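**Q** Structure file coords.cif (mmCIF, C-alpha atoms and all ligand atoms) is given on the next line.
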```cif
data_protein
#
loop_
_atom_site.group_PDB
_atom_site.id
_atom_site.type_symbol
_atom_site.label_atom_id
_atom_site.label_comp_id
_atom_site.auth_asym_id
_atom_site.auth_seq_id
_atom_site.Cartn_x
_atom_site.Cartn_y
_atom_site.Cartn_z
ATOM 1 C CA MET A 236 42.495 193.035 136.209
ATOM 2 C CA PRO A 237 43.867 192.662 139.750
ATOM 3 C CA VAL A 238 43.654 195.865 141.826
ATOM 4 C CA ASP A 239 47.427 195.985 142.193
ATOM 5 C CA ASN A 240 50.096 193.576 141.145
ATOM 6 C CA PRO A 241 53.742 193.665 142.221
ATOM 7 C CA TYR A 242 54.595 190.633 140.081
ATOM 8 C CA THR A 243 54.726 192.461 136.740
ATOM 9 C CA ASP A 244 58.395 192.210 135.785
ATOM 10 C CA ASP A 245 61.438 190.270 136.913
ATOM 11 C CA GLN A 246 62.913 193.014 139.096
ATOM 12 C CA ASN A 247 59.643 193.773 140.916
ATOM 13 C CA ASP A 248 58.921 190.070 141.178
ATOM 14 C CA GLN A 249 62.289 189.436 142.844
ATOM 15 C CA LYS A 250 61.746 192.324 145.272
ATOM 16 C CA ALA A 251 58.227 191.084 146.138
ATOM 17 C CA ALA A 252 59.438 187.474 146.574
ATOM 18 C CA LEU A 253 62.249 188.506 148.945
ATOM 19 C CA GLU A 254 59.932 190.792 150.945
ATOM 20 C CA MET A 255 57.309 188.035 151.246
ATOM 21 C CA ASP A 256 59.958 185.609 152.521
ATOM 22 C CA GLU A 257 61.123 188.171 155.059
ATOM 23 C CA ILE A 258 57.659 188.935 156.451
ATOM 24 C CA ALA A 259 56.600 185.269 156.365
ATOM 25 C CA ARG A 260 59.569 184.523 158.655
ATOM 26 C CA THR A 261 58.860 187.456 161.002
ATOM 27 C CA ILE A 262 55.694 189.581 161.208
ATOM 28 C CA PHE A 263 53.393 187.062 159.479
ATOM 29 C CA ALA A 264 55.022 183.951 161.012
ATOM 30 C CA PRO A 265 52.320 183.281 163.676
ATOM 31 C CA ILE A 266 49.420 183.236 161.192
ATOM 32 C CA TYR A 267 50.421 180.149 159.191
ATOM 33 C CA PRO A 268 49.963 177.481 161.923
ATOM 34 C CA VAL A 269 46.656 179.134 162.885
ATOM 35 C CA ILE A 270 45.365 179.110 159.283
ATOM 36 C CA ALA A 271 46.632 175.538 158.807
ATOM 37 C CA GLU A 272 44.692 174.505 161.934
ATOM 38 C CA GLN A 273 41.563 176.271 160.568
ATOM 39 C CA ILE A 274 41.948 174.424 157.243
ATOM 40 C CA LYS A 275 42.246 171.115 159.092
ATOM 41 C CA ALA A 276 39.222 171.860 161.288
ATOM 42 C CA THR A 277 37.082 173.094 158.365
ATOM 43 C CA HIS A 278 37.726 170.242 155.940
ATOM 44 C CA GLY A 279 39.040 167.347 158.035
ATOM 45 C CA ILE A 280 41.436 166.361 155.233
ATOM 46 C CA THR A 281 44.712 165.319 156.839
ATOM 47 C CA ALA A 282 46.090 162.812 154.326
ATOM 48 C CA GLY A 283 46.330 162.573 150.562
ATOM 49 C CA THR A 284 47.468 165.244 148.132
ATOM 50 C CA CYS A 285 47.347 168.982 148.783
ATOM 51 C CA ILE A 286 48.301 171.783 146.397
ATOM 52 C CA ASP A 287 49.203 175.216 147.807
ATOM 53 C CA LEU A 288 48.395 177.778 145.081
ATOM 54 C CA GLY A 289 50.663 180.837 144.948
ATOM 55 C CA ALA A 290 52.654 179.374 147.822
ATOM 56 C CA GLY A 291 55.405 182.026 147.834
ATOM 57 C CA PRO A 292 58.006 181.075 150.460
ATOM 58 C CA CYS A 293 55.957 177.980 151.441
ATOM 59 C CA ALA A 294 55.080 178.998 155.001
ATOM 60 C CA LEU A 295 51.503 177.634 154.786
ATOM 61 C CA SER A 296 52.700 174.406 153.133
ATOM 62 C CA ILE A 297 55.306 173.983 155.876
ATOM 63 C CA ALA A 298 52.692 174.524 158.622
ATOM 64 C CA LEU A 299 50.331 172.007 156.963
ATOM 65 C CA ALA A 300 53.134 169.452 156.565
ATOM 66 C CA ARG A 301 53.918 169.759 160.272
ATOM 67 C CA MET A 302 50.354 169.085 161.459
ATOM 68 C CA THR A 303 49.028 166.590 158.879
ATOM 69 C CA ASP A 304 50.173 163.631 156.778
ATOM 70 C CA LEU A 305 49.429 165.501 153.531
ATOM 71 C CA ARG A 306 51.794 165.229 150.584
ATOM 72 C CA LEU A 307 52.113 168.822 149.392
ATOM 73 C CA PHE A 308 52.888 170.576 146.105
ATOM 74 C CA ALA A 309 53.674 174.285 146.419
ATOM 75 C CA VAL A 310 52.820 176.012 143.138
ATOM 76 C CA ASP A 311 54.133 179.455 142.278
ATOM 77 C CA LYS A 312 54.764 181.034 138.896
ATOM 78 C CA SER A 313 57.559 183.298 140.143
ATOM 79 C CA PRO A 314 61.061 181.914 139.558
ATOM 80 C CA HIS A 315 62.270 183.904 142.575
ATOM 81 C CA SER A 316 59.551 182.598 144.900
ATOM 82 C CA HIS A 317 60.177 179.093 143.562
ATOM 83 C CA ALA A 318 63.916 179.305 144.389
ATOM 84 C CA ILE A 319 63.126 180.663 147.877
ATOM 85 C CA ALA A 320 60.556 177.876 148.399
ATOM 86 C CA MET A 321 63.115 175.201 147.453
ATOM 87 C CA GLY A 322 65.553 176.671 150.000
ATOM 88 C CA ASN A 323 62.947 176.916 152.761
ATOM 89 C CA VAL A 324 61.672 173.358 152.245
ATOM 90 C CA LYS A 325 65.244 172.062 152.384
ATOM 91 C CA GLU A 326 66.020 174.164 155.459
ATOM 92 C CA GLN A 327 63.038 172.533 157.218
ATOM 93 C CA GLY A 328 64.054 169.028 156.104
ATOM 94 C CA LEU A 329 60.689 168.570 154.350
ATOM 95 C CA GLU A 330 61.886 167.690 150.823
ATOM 96 C CA ASN A 331 60.031 164.358 150.930
ATOM 97 C CA ARG A 332 56.755 166.051 151.976
ATOM 98 C CA ILE A 333 56.662 169.298 149.958
ATOM 99 C CA THR A 334 57.572 169.703 146.293
ATOM 100 C CA PRO A 335 57.806 173.295 145.021
ATOM 101 C CA VAL A 336 56.440 173.499 141.456
ATOM 102 C CA LYS A 337 57.067 176.493 139.194
ATOM 103 C CA ALA A 338 53.803 176.964 137.285
ATOM 104 C CA ASP A 339 50.947 179.353 136.656
ATOM 105 C CA ILE A 340 47.714 178.446 138.420
ATOM 106 C CA SER A 341 45.919 178.679 135.076
ATOM 107 C CA ASN A 342 48.059 175.875 133.633
ATOM 108 C CA MET A 343 49.275 173.370 136.217
ATOM 109 C CA PRO A 344 51.265 170.196 135.477
ATOM 110 C CA PHE A 345 48.863 167.900 137.322
ATOM 111 C CA GLU A 346 46.498 165.231 136.004
ATOM 112 C CA ASP A 347 42.726 165.669 136.198
ATOM 113 C CA ASN A 348 41.218 164.761 139.584
ATOM 114 C CA TYR A 349 44.595 164.807 141.362
ATOM 115 C CA ALA A 350 44.256 166.781 144.597
ATOM 116 C CA ASP A 351 42.256 166.035 147.732
ATOM 117 C CA LEU A 352 42.744 169.579 148.997
ATOM 118 C CA MET A 353 43.772 172.853 147.344
ATOM 119 C CA VAL A 354 44.719 175.782 149.581
ATOM 120 C CA SER A 355 45.828 179.304 148.866
ATOM 121 C CA ARG A 356 46.491 182.342 151.032
ATOM 122 C CA GLY A 357 47.020 185.899 149.778
ATOM 123 C CA SER A 358 47.449 184.957 146.121
ATOM 124 C CA VAL A 359 44.006 185.004 144.433
ATOM 125 C CA PHE A 360 44.135 188.827 144.392
ATOM 126 C CA PHE A 361 46.938 188.654 141.826
ATOM 127 C CA TRP A 362 45.589 186.053 139.419
ATOM 128 C CA GLU A 363 45.316 187.735 136.044
ATOM 129 C CA ASP A 364 42.739 185.388 134.535
ATOM 130 C CA LEU A 365 40.485 184.295 137.362
ATOM 131 C CA VAL A 366 38.051 182.251 135.242
ATOM 132 C CA SER A 367 40.790 180.082 133.749
ATOM 133 C CA ALA A 368 42.415 179.743 137.198
ATOM 134 C CA PHE A 369 39.149 178.495 138.755
ATOM 135 C CA ASN A 370 38.560 176.159 135.776
ATOM 136 C CA GLU A 371 42.051 174.736 136.224
ATOM 137 C CA ILE A 372 41.566 174.325 139.977
ATOM 138 C CA TYR A 373 38.306 172.471 139.333
ATOM 139 C CA ARG A 374 39.970 170.238 136.756
ATOM 140 C CA VAL A 375 42.777 169.263 139.176
ATOM 141 C CA LEU A 376 40.514 168.787 142.220
ATOM 142 C CA LYS A 377 39.468 165.202 142.943
ATOM 143 C CA PRO A 378 35.758 164.401 143.122
ATOM 144 C CA GLY A 379 35.053 164.870 146.827
ATOM 145 C CA GLY A 380 38.015 167.262 147.074
ATOM 146 C CA LYS A 381 37.791 170.727 148.616
ATOM 147 C CA THR A 382 39.415 174.159 148.430
ATOM 148 C CA HIS A 383 40.375 176.774 150.999
ATOM 149 C CA ILE A 384 41.331 179.759 148.844
ATOM 150 C CA GLY A 385 41.432 183.382 149.912
ATOM 151 C CA GLY A 386 43.196 185.654 152.301
ATOM 152 C CA GLY A 387 43.389 186.270 156.016
ATOM 153 C CA PHE A 388 45.505 186.633 159.117
ATOM 154 C CA GLY A 389 44.198 183.820 161.340
ATOM 155 C CA THR A 390 42.543 185.771 164.172
ATOM 156 C CA VAL A 391 41.459 189.356 164.803
ATOM 157 C CA GLU A 392 44.252 189.735 167.373
ATOM 158 C CA LEU A 393 46.901 188.534 164.921
ATOM 159 C CA LYS A 394 45.472 190.750 162.194
ATOM 160 C CA ASN A 395 45.560 193.831 164.440
ATOM 161 C CA ALA A 396 49.125 193.092 165.567
ATOM 162 C CA ILE A 397 50.239 192.632 161.943
ATOM 163 C CA PHE A 398 48.580 195.843 160.756
ATOM 164 C CA GLU A 399 50.258 197.714 163.615
ATOM 165 C CA LYS A 400 53.703 196.340 162.732
ATOM 166 C CA MET A 401 53.219 196.777 158.969
ATOM 167 C CA ALA A 402 52.134 200.418 159.513
ATOM 168 C CA GLN A 403 55.645 201.135 160.779
ATOM 169 C CA LYS A 404 56.973 200.288 157.321
ATOM 170 C CA LYS A 405 54.879 203.165 155.885
ATOM 171 C CA ASP A 406 54.487 201.408 152.529
ATOM 172 C CA GLY A 407 50.682 201.567 152.207
ATOM 173 C CA PHE A 408 50.079 197.967 153.362
ATOM 174 C CA GLU A 409 46.750 198.743 155.060
ATOM 175 C CA GLU A 410 45.325 200.564 152.022
ATOM 176 C CA ARG A 411 46.404 197.742 149.689
ATOM 177 C CA SER A 412 44.915 195.124 152.009
ATOM 178 C CA LYS A 413 41.614 197.007 152.249
ATOM 179 C CA LYS A 414 41.384 197.297 148.465
ATOM 180 C CA ARG A 415 42.151 193.621 147.984
ATOM 181 C CA GLY A 416 39.374 192.594 150.375
ATOM 182 C CA GLY A 417 37.079 195.428 149.235
ATOM 183 C CA PRO A 418 33.641 195.025 147.600
ATOM 184 C CA GLU A 419 34.873 195.692 144.050
ATOM 185 C CA ASN A 420 37.467 192.939 144.221
ATOM 186 C CA MET A 421 35.083 190.523 145.955
ATOM 187 C CA LYS A 422 32.586 191.123 143.126
ATOM 188 C CA ARG A 423 35.301 190.499 140.520
ATOM 189 C CA ILE A 424 36.192 187.184 142.183
ATOM 190 C CA LYS A 425 32.542 186.117 142.605
ATOM 191 C CA THR A 426 31.734 186.950 138.969
ATOM 192 C CA ALA A 427 34.703 184.837 137.823
ATOM 193 C CA LEU A 428 33.614 181.928 140.030
ATOM 194 C CA ASP A 429 30.104 182.099 138.578
ATOM 195 C CA GLU A 430 31.508 182.099 135.034
ATOM 196 C CA SER A 431 33.846 179.196 135.780
ATOM 197 C CA LEU A 432 33.200 175.454 135.851
ATOM 198 C CA ALA A 433 33.532 175.429 139.646
ATOM 199 C CA GLY A 434 29.786 175.010 140.102
ATOM 200 C CA LYS A 435 28.685 175.103 143.712
ATOM 201 C CA TYR A 436 30.957 177.037 146.046
ATOM 202 C CA LYS A 437 30.756 178.893 149.327
ATOM 203 C CA MET A 438 32.428 182.249 149.864
ATOM 204 C CA THR A 439 32.820 183.404 153.473
ATOM 205 C CA GLN A 440 33.960 186.832 154.616
ATOM 206 C CA SER A 441 34.619 187.840 158.214
ATOM 207 C CA ASP A 442 37.121 189.671 160.408
ATOM 208 C CA ILE A 443 39.596 186.844 159.879
ATOM 209 C CA GLY A 444 39.492 187.021 156.104
ATOM 210 C CA PHE A 445 37.642 185.656 153.125
ATOM 211 C CA TRP A 446 37.728 182.086 151.924
ATOM 212 C CA ILE A 447 36.337 180.270 148.916
ATOM 213 C CA HIS A 448 35.260 176.679 149.453
ATOM 214 C CA ILE A 449 34.712 174.797 146.217
ATOM 215 C CA LYS A 450 33.677 171.176 146.523
ATOM 216 C CA LYS A 451 33.926 168.938 143.516
ATOM 217 C CA GLU A 452 30.935 166.657 143.779
ATOM 218 C CA LEU A 453 31.378 162.899 143.480
ATOM 219 C CA ALA A 454 30.077 161.654 140.129
ATOM 220 C CA SER A 455 26.554 160.238 140.569
HETATM 221 C C1 LIG A 501 51.387 187.699 148.554
HETATM 222 S S1 LIG A 501 52.220 186.260 148.006
HETATM 223 C C2 LIG A 501 51.533 185.069 149.149
HETATM 224 C C3 LIG A 501 52.488 183.936 149.401
HETATM 225 C C4 LIG A 501 51.999 182.867 150.381
HETATM 226 N N1 LIG A 501 50.774 182.223 149.946
HETATM 227 C C5 LIG A 501 51.839 183.409 151.771
HETATM 228 O O1 LIG A 501 50.703 183.645 152.201
HETATM 229 O O2 LIG A 501 52.860 183.572 152.430
HETATM 230 C C6 LIG A 501 51.379 185.849 146.478
HETATM 231 C C7 LIG A 501 52.083 184.754 145.644
HETATM 232 O O3 LIG A 501 51.212 184.369 144.578
HETATM 233 C C8 LIG A 501 52.021 184.109 143.425
HETATM 234 N N2 LIG A 501 51.175 184.198 142.226
HETATM 235 C C9 LIG A 501 50.468 185.269 141.784
HETATM 236 N N3 LIG A 501 49.782 184.964 140.660
HETATM 237 C C10 LIG A 501 50.060 183.652 140.386
HETATM 238 C C11 LIG A 501 49.658 182.764 139.342
HETATM 239 N N4 LIG A 501 48.838 183.157 138.374
HETATM 240 N N5 LIG A 501 50.164 181.510 139.335
HETATM 241 C C12 LIG A 501 51.020 181.106 140.324
HETATM 242 N N6 LIG A 501 51.422 181.895 141.337
HETATM 243 C C13 LIG A 501 50.953 183.162 141.379
HETATM 244 C C14 LIG A 501 53.102 185.178 143.493
HETATM 245 O O4 LIG A 501 54.215 184.837 142.704
HETATM 246 C C15 LIG A 501 53.380 185.233 144.998
HETATM 247 O O5 LIG A 501 54.429 184.368 145.355
#
```
Now that the file is in, can you turn its structure into structure tokens?
**A**
Amino acid sequence: MPVDNPYTDDQNDQKAALEMDEIARTIFAPIYPVIAEQIKATHGITAGTCIDLGAGPCALSIALARMTDLRLFAVDKSPHSHAIAMGNVKEQGLENRITPVKADISNMPFEDNYADLMVSRGSVFFWEDLVSAFNEIYRVLKPGGKTHIGGGFGTVELKNAIFEKMAQKKDGFEERSKKRGGPENMKRIKTALDESLAGKYKMTQSDIGFWIHIKKELAS
């Protein structure tokens, strides 16, 4: 089970969705273009289809749309996050580039071999059934496609500034973040990846976060 999960019932889900939108627009705002740039530099995929998994208010999708030619689908199972995402995409005038999709990552309405790139920030920690999520991601990924799934704050400087600002809220953000990126949770995620169909993957962990890179091999 995830170490903590605010998305358990409708009321908590709504509260979490509104809070995420608020911090994505303010304290977290600078990290999304930085992470989008890192995704672009790591994978070199700037056109085709990209799915943002657990997209919340769509800040990463919006940053990717601004700096690439990707056609994006922003998946989130929360009806509240989905409604917020629709509003944010419209507000940015990106309706023809980003489509918010209300779905669980373990059961997505996409054909096999659909996406060139699948990204996800700050969501994997909450996936209830990690093995079926990774199986589904692998199913939807195109041969030759890649993933950038995990959590992070872009740079050490941004991370430190965010932790400082979040500490003022006194809501246990730092403790929750440490647990999410802690060894027990990393082991849980790695075990699920090994049990899944994902096959070869790379998991990196550093000061700027942890990221899972799955590559679906081209059929030989
Ligand atoms: C902490 S928010 C991160 C939002 C966004 N990626 C960001 O970094 O701003 C996590 C999001 O993952 C979504 N989520 C959690 N489990 C999910 C699942 N199984 N399927 C789809 N979305 C999920 C939640 O509804 C929430 O919007």
**Q** Around ligand LIG 501 (chain A), out to 9 Å and counting all atoms listed in the file, which residues are there? I want them as a ChimeraX atom specification.
**A** /A:240-242,248,251-252,255-256,258-259,263-264,267,287-296,310-317,337-343,354-365,368,386-387
**Q** Take the residues from that selection and put them in a file with C-alpha atoms, as a tab-separated table (two decimals), keeping the file's coordinate frame.
**A**
```
chain	number	residue	atom	x	y	z
A	240	ASN	CA	50.10	193.58	141.15
A	241	PRO	CA	53.74	193.66	142.22
A	242	TYR	CA	54.60	190.63	140.08
A	248	ASP	CA	58.92	190.07	141.18
A	251	ALA	CA	58.23	191.08	146.14
A	252	ALA	CA	59.44	187.47	146.57
A	255	MET	CA	57.31	188.04	151.25
A	256	ASP	CA	59.96	185.61	152.52
A	258	ILE	CA	57.66	188.94	156.45
A	259	ALA	CA	56.60	185.27	156.36
A	263	PHE	CA	53.39	187.06	159.48
A	264	ALA	CA	55.02	183.95	161.01
A	267	TYR	CA	50.42	180.15	159.19
A	287	ASP	CA	49.20	175.22	147.81
A	288	LEU	CA	48.40	177.78	145.08
A	289	GLY	CA	50.66	180.84	144.95
A	290	ALA	CA	52.65	179.37	147.82
A	291	GLY	CA	55.40	182.03	147.83
A	292	PRO	CA	58.01	181.08	150.46
A	293	CYS	CA	55.96	177.98	151.44
A	294	ALA	CA	55.08	179.00	155.00
A	295	LEU	CA	51.50	177.63	154.79
A	296	SER	CA	52.70	174.41	153.13
A	310	VAL	CA	52.82	176.01	143.14
A	311	ASP	CA	54.13	179.46	142.28
A	312	LYS	CA	54.76	181.03	138.90
A	313	SER	CA	57.56	183.30	140.14
A	314	PRO	CA	61.06	181.91	139.56
A	315	HIS	CA	62.27	183.90	142.57
A	316	SER	CA	59.55	182.60	144.90
A	317	HIS	CA	60.18	179.09	143.56
A	337	LYS	CA	57.07	176.49	139.19
A	338	ALA	CA	53.80	176.96	137.28
A	339	ASP	CA	50.95	179.35	136.66
A	340	ILE	CA	47.71	178.45	138.42
A	341	SER	CA	45.92	178.68	135.08
A	342	ASN	CA	48.06	175.88	133.63
A	343	MET	CA	49.28	173.37	136.22
A	354	VAL	CA	44.72	175.78	149.58
A	355	SER	CA	45.83	179.30	148.87
A	356	ARG	CA	46.49	182.34	151.03
A	357	GLY	CA	47.02	185.90	149.78
A	358	SER	CA	47.45	184.96	146.12
A	359	VAL	CA	44.01	185.00	144.43
A	360	PHE	CA	44.14	188.83	144.39
A	361	PHE	CA	46.94	188.65	141.83
A	362	TRP	CA	45.59	186.05	139.42
A	363	GLU	CA	45.32	187.74	136.04
A	364	ASP	CA	42.74	185.39	134.54
A	365	LEU	CA	40.48	184.30	137.36
A	368	ALA	CA	42.42	179.74	137.20
A	386	GLY	CA	43.20	185.65	152.30
A	387	GLY	CA	43.39	186.27	156.02
```
**Q** Give me the stretch 240-313 of chain A side of the contact with stretch 443-454 of chain A, cut-off 10 Å, one line per residue showing its nearest atom pair and distance in Å at one decimal, counting all atoms listed in the file, sorted by chain and residue number, as CSV.
**A**
```
residue,atom,partner,partner_atom,distance
A:Ile270,CA,A:Ile443,CA,9.7
A:Thr277,CA,A:His448,CA,9.8
A:His278,CA,A:His448,CA,9.5
```
**Q** From the set A:Ala282, A:Glu371, A:Glu326, A:Met353, which residue has the shortest atom-to-atom contact distance to A:Ala309, counting all atoms listed in the file?
**A** A:Met353
**Q** Please compute the atom CA of A:Glu409-atom CA of A:Pro265 distance, one decimal, in Å.
**A**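 Between these atoms lies a distance of 18.6 Å.
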**Q** Name the residues that the PyMOL selection byres (((chain A and resi 369) around 8) and not hetatm) picks from the file above, as a list in words, using the file's chain letters and numbers.
**A**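 Expected selection for the PyMOL selection byres (((chain A and resi 369) around 8) and not hetatm) here is Ser341, Leu365, Val366, Ser367, Ala368, Asn370, Glu371, Ile372, Tyr373, Ala427, Leu428, Ser431, Leu432 and Ala433 of chain A.
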**Q** What would the file look like if the residues just selected were written as a compact mmCIF listing (two decimals), in the coordinates of the input with C-alpha atoms?
**A**
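Result went into selection-v8.txt, see below:
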```txt
# COMPACT_ATOMS: atom_id res chain seq x y z
CA SER A 341 45.92 178.68 135.08
CA LEU A 365 40.48 184.30 137.36
CA VAL A 366 38.05 182.25 135.24
CA SER A 367 40.79 180.08 133.75
CA ALA A 368 42.42 179.74 137.20
CA ASN A 370 38.56 176.16 135.78
CA GLU A 371 42.05 174.74 136.22
CA ILE A 372 41.57 174.32 139.98
CA TYR A 373 38.31 172.47 139.33
CA ALA A 427 34.70 184.84 137.82
CA LEU A 428 33.61 181.93 140.03
CA SER A 431 33.85 179.20 135.78
CA LEU A 432 33.20 175.45 135.85
CA ALA A 433 33.53 175.43 139.65
```
**Q** Check the smallest atom-to-atom distance from each of A:Arg332, A:Val375, A:Gly322, A:Lys414 to A:Pro344 using all atoms listed in the file, then report the winner.
**A**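 Ranked by minimum distance to A:Pro344, first place goes to A:Val375.
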**Q** Taking every listed atom of stretch 359-375 of chain A and adding 6 Å to each side, what centre and edge lengths in Å (one decimal) does the axis-aligned box have, as AutoDock Vina command-line options?
**A**
```
--center_x 42.5 --center_y 179.0 --center_z 139.1 --size_x 20.9 --size_y 31.6 --size_z 22.7
```
